[in-house]
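Trainee: So here's input-v3.pdb (PDB, C-alpha atoms).
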ATOM      1  CA  MET A   1      69.121 139.640  26.556
ATOM      2  CA  HIS A   2      65.752 138.005  26.014
ATOM      3  CA  GLY A   3      62.935 139.327  23.840
ATOM      4  CA  GLY A   4      64.622 142.719  23.393
ATOM      5  CA  VAL A   5      64.578 143.477  27.115
ATOM      6  CA  LYS A   6      67.930 143.845  28.825
ATOM      7  CA  LEU A   7      67.871 142.756  32.457
ATOM      8  CA  GLN A   8      70.641 143.848  34.759
ATOM      9  CA  LYS A   9      72.705 141.149  36.456
ATOM     10  CA  SER A  10      71.609 141.829  40.007
ATOM     11  CA  TYR A  11      68.937 144.333  40.698
ATOM     12  CA  GLU A  12      66.074 145.231  42.904
ATOM     13  CA  VAL A  13      63.391 146.496  40.581
ATOM     14  CA  ARG A  14      62.273 150.004  41.368
ATOM     15  CA  ILE A  15      58.506 150.109  41.680
ATOM     16  CA  GLU A  16      56.867 153.031  39.890
ATOM     17  CA  GLU A  17      55.524 155.474  42.450
ATOM     18  CA  GLN A  18      52.281 157.391  42.074
ATOM     19  CA  LEU A  19      52.737 160.696  40.242
ATOM     20  CA  ASN A  20      51.361 162.733  43.150
ATOM     21  CA  GLU A  21      54.129 161.240  45.343
ATOM     22  CA  LYS A  22      56.819 161.907  42.736
ATOM     23  CA  ILE A  23      55.774 165.551  42.336
ATOM     24  CA  GLN A  24      56.609 166.202  45.991
ATOM     25  CA  GLN A  25      59.973 164.410  45.895
ATOM     26  CA  HIS A  26      62.955 166.584  44.889
ATOM     27  CA  ALA A  27      60.572 169.427  43.940
ATOM     28  CA  GLU A  28      63.186 172.204  44.184
ATOM     29  CA  GLU A  29      65.654 170.190  42.112
ATOM     30  CA  LYS A  30      63.009 169.538  39.442
ATOM     31  CA  TYR A  31      62.283 173.265  39.290
ATOM     32  CA  LEU A  32      65.996 174.003  38.724
ATOM     33  CA  ILE A  33      66.107 171.347  35.997
ATOM     34  CA  ALA A  34      63.015 172.842  34.358
ATOM     35  CA  ARG A  35      64.635 176.305  34.379
ATOM     36  CA  GLN A  36      67.591 174.893  32.444
ATOM     37  CA  ALA A  37      65.340 172.941  30.080
ATOM     38  CA  VAL A  38      63.134 175.907  29.171
ATOM     39  CA  LYS A  39      66.243 177.680  27.789
ATOM     40  CA  LYS A  40      66.389 175.006  25.053
ATOM     41  CA  ILE A  41      62.949 175.988  23.732
ATOM     42  CA  LYS A  42      62.361 178.558  21.005
ATOM     43  CA  PRO A  43      59.004 179.951  19.806
ATOM     44  CA  LYS A  44      57.025 177.854  17.309
ATOM     45  CA  MET A  45      58.879 174.619  18.133
ATOM     46  CA  CYS A  46      57.159 171.252  18.211
ATOM     47  CA  LEU A  47      57.840 169.709  21.620
ATOM     48  CA  TYR A  48      57.240 166.272  23.051
ATOM     49  CA  LEU A  49      56.638 166.282  26.809
ATOM     50  CA  ASP A  50      56.856 162.850  28.374
ATOM     51  CA  ALA A  51      54.591 161.866  31.249
ATOM     52  CA  GLY A  52      56.166 162.483  34.633
ATOM     53  CA  SER A  53      56.888 164.918  37.418
ATOM     54  CA  SER A  54      59.996 166.515  35.882
ATOM     55  CA  THR A  55      58.184 167.433  32.670
ATOM     56  CA  LEU A  56      55.246 168.651  34.750
ATOM     57  CA  ALA A  57      57.650 171.144  36.361
ATOM     58  CA  LEU A  58      58.727 172.249  32.867
ATOM     59  CA  ILE A  59      55.139 172.895  31.733
ATOM     60  CA  LYS A  60      54.745 175.424  34.544
ATOM     61  CA  LEU A  61      57.512 177.528  32.927
ATOM     62  CA  LEU A  62      56.241 177.418  29.335
ATOM     63  CA  GLN A  63      54.519 180.432  27.800
ATOM     64  CA  PRO A  64      51.427 180.115  25.561
ATOM     65  CA  ALA A  65      52.611 183.244  23.695
ATOM     66  CA  ASP A  66      55.549 181.226  22.303
ATOM     67  CA  ASP A  67      53.106 179.505  19.916
ATOM     68  CA  LEU A  68      54.454 176.030  20.682
ATOM     69  CA  VAL A  69      53.042 172.798  19.325
ATOM     70  CA  ILE A  70      53.088 170.258  22.151
ATOM     71  CA  ILE A  71      52.673 166.488  21.981
ATOM     72  CA  THR A  72      52.275 164.481  25.185
ATOM     73  CA  ASN A  73      51.236 161.081  26.456
ATOM     74  CA  SER A  74      50.149 162.410  29.859
ATOM     75  CA  ILE A  75      46.560 163.051  30.862
ATOM     76  CA  PHE A  76      47.838 165.253  33.707
ATOM     77  CA  HIS A  77      49.852 167.392  31.289
ATOM     78  CA  VAL A  78      46.768 167.903  29.111
ATOM     79  CA  GLU A  79      44.845 169.445  31.995
ATOM     80  CA  LEU A  80      47.735 171.693  33.019
ATOM     81  CA  LEU A  81      48.341 172.835  29.415
ATOM     82  CA  ALA A  82      44.663 173.672  28.938
ATOM     83  CA  LEU A  83      44.462 175.589  32.220
ATOM     84  CA  ALA A  84      47.622 177.540  31.295
ATOM     85  CA  GLY A  85      46.048 178.707  28.035
ATOM     86  CA  PHE A  86      47.772 176.447  25.515
ATOM     87  CA  ASN A  87      45.527 175.512  22.617
ATOM     88  CA  ASN A  88      47.861 173.765  20.190
ATOM     89  CA  PHE A  89      48.629 170.415  21.789
ATOM     90  CA  TYR A  90      48.121 166.788  20.893
ATOM     91  CA  VAL A  91      47.561 163.771  23.115
ATOM     92  CA  LEU A  92      48.707 160.293  22.188
ATOM     93  CA  GLY A  93      46.219 157.468  22.577
ATOM     94  CA  GLY A  94      46.941 154.165  24.238
ATOM     95  CA  LYS A  95      46.591 152.124  27.380
ATOM     96  CA  TYR A  96      46.228 154.177  30.563
ATOM     97  CA  LYS A  97      48.919 153.663  33.221
ATOM     98  CA  HIS A  98      47.427 154.597  36.586
ATOM     99  CA  GLN A  99      50.688 155.274  38.458
ATOM    100  CA  THR A 100      51.862 158.025  36.116
ATOM    101  CA  GLY A 101      48.800 159.093  34.129
ATOM    102  CA  ALA A 102      50.641 158.049  30.965
ATOM    103  CA  LEU A 103      49.049 156.681  27.827
ATOM    104  CA  ILE A 104      51.314 153.882  26.614
ATOM    105  CA  GLY A 105      51.543 150.943  24.229
ATOM    106  CA  TRP A 106      51.503 150.313  20.504
ATOM    107  CA  GLU A 107      48.726 152.855  19.857
ATOM    108  CA  ALA A 108      50.894 155.639  21.248
ATOM    109  CA  VAL A 109      53.937 154.460  19.285
ATOM    110  CA  THR A 110      51.921 154.275  16.044
ATOM    111  CA  THR A 111      50.612 157.809  16.562
ATOM    112  CA  LEU A 112      54.113 159.126  17.311
ATOM    113  CA  GLN A 113      55.338 157.877  13.933
ATOM    114  CA  LYS A 114      53.274 160.604  12.237
ATOM    115  CA  TYR A 115      55.063 163.512  13.921
ATOM    116  CA  GLN A 116      58.279 165.455  13.411
ATOM    117  CA  ILE A 117      59.492 166.688  16.788
ATOM    118  CA  ASP A 118      61.996 169.504  17.322
ATOM    119  CA  CYS A 119      62.716 168.869  21.009
ATOM    120  CA  ALA A 120      61.715 166.039  23.293
ATOM    121  CA  PHE A 121      61.816 166.283  27.068
ATOM    122  CA  LEU A 122      61.742 162.887  28.733
ATOM    123  CA  GLY A 123      61.830 161.486  32.216
ATOM    124  CA  VAL A 124      63.932 158.543  33.321
ATOM    125  CA  ASN A 125      63.848 156.085  36.212
ATOM    126  CA  GLU A 126      67.531 155.123  36.170
ATOM    127  CA  ILE A 127      70.783 156.345  34.666
ATOM    128  CA  ASN A 128      73.350 153.583  34.951
ATOM    129  CA  GLY A 129      76.675 154.121  33.221
ATOM    130  CA  GLN A 130      75.867 154.831  29.580
ATOM    131  CA  ASP A 131      72.329 153.427  29.683
ATOM    132  CA  LEU A 132      68.903 154.896  30.476
ATOM    133  CA  TYR A 133      66.139 152.775  31.999
ATOM    134  CA  THR A 134      62.455 152.907  32.843
ATOM    135  CA  THR A 135      60.168 150.562  34.776
ATOM    136  CA  ASP A 136      57.785 149.551  31.996
ATOM    137  CA  PRO A 137      58.402 147.938  28.558
ATOM    138  CA  ASP A 138      55.518 149.925  27.017
ATOM    139  CA  GLU A 139      56.970 153.204  28.286
ATOM    140  CA  ALA A 140      60.389 152.162  26.988
ATOM    141  CA  MET A 141      58.879 151.700  23.502
ATOM    142  CA  ILE A 142      57.440 155.209  23.534
ATOM    143  CA  LYS A 143      60.623 156.829  24.833
ATOM    144  CA  ALA A 144      62.742 155.043  22.211
ATOM    145  CA  GLU A 145      60.371 156.108  19.410
ATOM    146  CA  VAL A 146      60.346 159.722  20.609
ATOM    147  CA  ILE A 147      64.150 159.829  20.655
ATOM    148  CA  LYS A 148      64.196 158.431  17.125
ATOM    149  CA  ARG A 149      61.731 161.068  15.852
ATOM    150  CA  ALA A 150      63.084 164.139  17.672
ATOM    151  CA  THR A 151      65.799 166.416  16.334
ATOM    152  CA  LYS A 152      67.066 166.810  19.908
ATOM    153  CA  SER A 153      66.142 164.797  23.012
ATOM    154  CA  TYR A 154      66.689 165.864  26.594
ATOM    155  CA  ILE A 155      66.450 163.709  29.699
ATOM    156  CA  LEU A 156      65.322 165.601  32.803
ATOM    157  CA  ALA A 157      66.938 163.808  35.736
ATOM    158  CA  ASP A 158      67.180 164.693  39.389
ATOM    159  CA  LEU A 159      70.011 163.101  41.349
ATOM    160  CA  SER A 160      67.774 160.290  42.647
ATOM    161  CA  LYS A 161      67.912 158.729  39.152
ATOM    162  CA  PHE A 162      71.583 157.812  39.503
ATOM    163  CA  ASN A 163      72.727 154.666  41.299
ATOM    164  CA  ILE A 164      69.226 153.213  41.431
ATOM    165  CA  LYS A 165      67.969 150.094  39.687
ATOM    166  CA  SER A 166      65.177 149.919  37.141
ATOM    167  CA  LEU A 167      64.142 147.339  34.556
ATOM    168  CA  VAL A 168      64.018 148.221  30.851
ATOM    169  CA  LYS A 169      66.674 150.028  28.808
ATOM    170  CA  PHE A 170      65.276 152.557  26.324
ATOM    171  CA  ALA A 171      68.343 154.536  25.203
ATOM    172  CA  SER A 172      72.026 155.240  25.605
ATOM    173  CA  ARG A 173      73.459 158.499  26.890
ATOM    174  CA  SER A 174      74.982 159.161  23.464
ATOM    175  CA  GLU A 175      71.453 159.566  22.008
ATOM    176  CA  VAL A 176      70.343 162.324  24.381
ATOM    177  CA  GLU A 177      71.472 165.287  26.435
ATOM    178  CA  ILE A 178      70.934 164.912  30.169
ATOM    179  CA  ILE A 179      69.810 167.955  32.132
ATOM    180  CA  THR A 180      70.379 167.820  35.894
ATOM    181  CA  SER A 181      70.265 170.479  38.588
ATOM    182  CA  SER A 182      74.058 170.766  38.796
TER     183      SER A 182
END
Please re-express this file's structure in structure tokens.
Mentor:
Amino acid sequence: MHGGVKLQKSYEVRIEEQLNEKIQQHAEEKYLIARQAVKKIKPKMCLYLDAGSSTLALIKLLQPADDLVIITNSIFHVELLALAGFNNFYVLGGKYKHQTGALIGWEAVTTLQKYQIDCAFLGVNEINGQDLYTTDPDEAMIKAEVIKRATKSYILADLSKFNIKSLVKFASRSEVEIITSS
């Protein structure tokens, strides 16, 4: 352990793919995961929707009539929410990450500290044993802060997230509930 970042003993770092590529990969599985995730949501909840393709699939199943408050760090989610008719959502500020359309960094973490979140839906790059990983230290900071602030946190994970290597640990399985397609 050095500087708060846990590196795995032997690994090949997974490079973050472009979001438009990730949307097409495992699309049916992500839809099935989103169908399970939407069952966790009740009207008038405050949700956090992490940047990523799995949460993008979830947005497509949400209903504006449920009067949800939504917080996100994704510029792509903002557009989809607006087009779907949602009008009560908040966007975190921060440094723009081109690969995923995420806004990351200390600005996003500072903004998150103002919110109480009922349910958080997060993506993950790797599930390894009891630990959850992502590719970017700034994204790890945001994910860890969201989990700390949310009453309940869910990880949306297709089967490609298991037995793969990533870089930065952001949580343990005991802190979240993992939703998969099976």
Trainee: Using only C-alpha atoms, which residues of segment 89-145 of chain A come within 12 Å of segment 39-54 of chain A, and what is the closest atom pair for each, with the distance in Å to one decimal? Give it as CSV, sorted by chain and residue number.
Mentor:
residue,atom,partner,partner_atom,distance
A:Phe89,CA,A:Leu47,CA,9.2
A:Tyr90,CA,A:Tyr48,CA,9.4
A:Val91,CA,A:Tyr48,CA,10.0
A:Leu92,CA,A:Tyr48,CA,10.5
A:Tyr96,CA,A:Ala51,CA,11.4
A:Lys97,CA,A:Ala51,CA,10.2
A:His98,CA,A:Ala51,CA,11.5
A:Gln99,CA,A:Gly52,CA,9.8
A:Thr100,CA,A:Gly52,CA,6.4
A:Gly101,CA,A:Ala51,CA,7.0
A:Ala102,CA,A:Ala51,CA,5.5
A:Leu103,CA,A:Ala51,CA,8.3
A:Ile104,CA,A:Ala51,CA,9.8
A:Ala108,CA,A:Asp50,CA,11.8
A:Leu112,CA,A:Tyr48,CA,9.7
A:Tyr115,CA,A:Cys46,CA,9.1
A:Gln116,CA,A:Cys46,CA,7.6
A:Ile117,CA,A:Cys46,CA,5.3
A:Asp118,CA,A:Cys46,CA,5.2
A:Cys119,CA,A:Leu47,CA,5.0
A:Ala120,CA,A:Tyr48,CA,4.5
A:Phe121,CA,A:Leu49,CA,5.2
A:Leu122,CA,A:Asp50,CA,4.9
A:Gly123,CA,A:Gly52,CA,6.2
A:Val124,CA,A:Gly52,CA,8.8
A:Asn125,CA,A:Gly52,CA,10.1
A:Thr134,CA,A:Gly52,CA,11.6
A:Glu139,CA,A:Ala51,CA,9.5
A:Ala140,CA,A:Asp50,CA,11.3
A:Ile142,CA,A:Asp50,CA,9.1
A:Lys143,CA,A:Asp50,CA,7.9
A:Ala144,CA,A:Asp50,CA,11.6
A:Glu145,CA,A:Tyr48,CA,11.2
Trainee: Report the distance between atom CA of Leu156 of chain A and atom CA of Ala37 of chain A in Å, rounded to one decimal place.
Mentor: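 Value for the atom CA of Leu156 of chain A-atom CA of Ala37 of chain A distance: 7.8 Å.
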Trainee: Atom CA of Lys114 of chain A and atom CA of Pro64 of chain A, how far apart in Å?
Mentor: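 Pair atom CA of Pro64 of chain A / atom CA of Lys114 of chain A returns 23.7 Å.
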Trainee: Hey, which of A:Asn73, A:Thr135, A:Thr110, A:Gln63 ends up closest to Phe170 of chain A? Count all atoms listed in the file.
Mentor: A:Thr135
Trainee: With distances taken over all atoms listed in the file, which residue among A:Met141, A:Lys161, A:Tyr154, A:Glu126 lies nearest Val38 of chain A?
Mentor: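 Of all the options, A:Tyr154 lies closest to Val38 of chain A.
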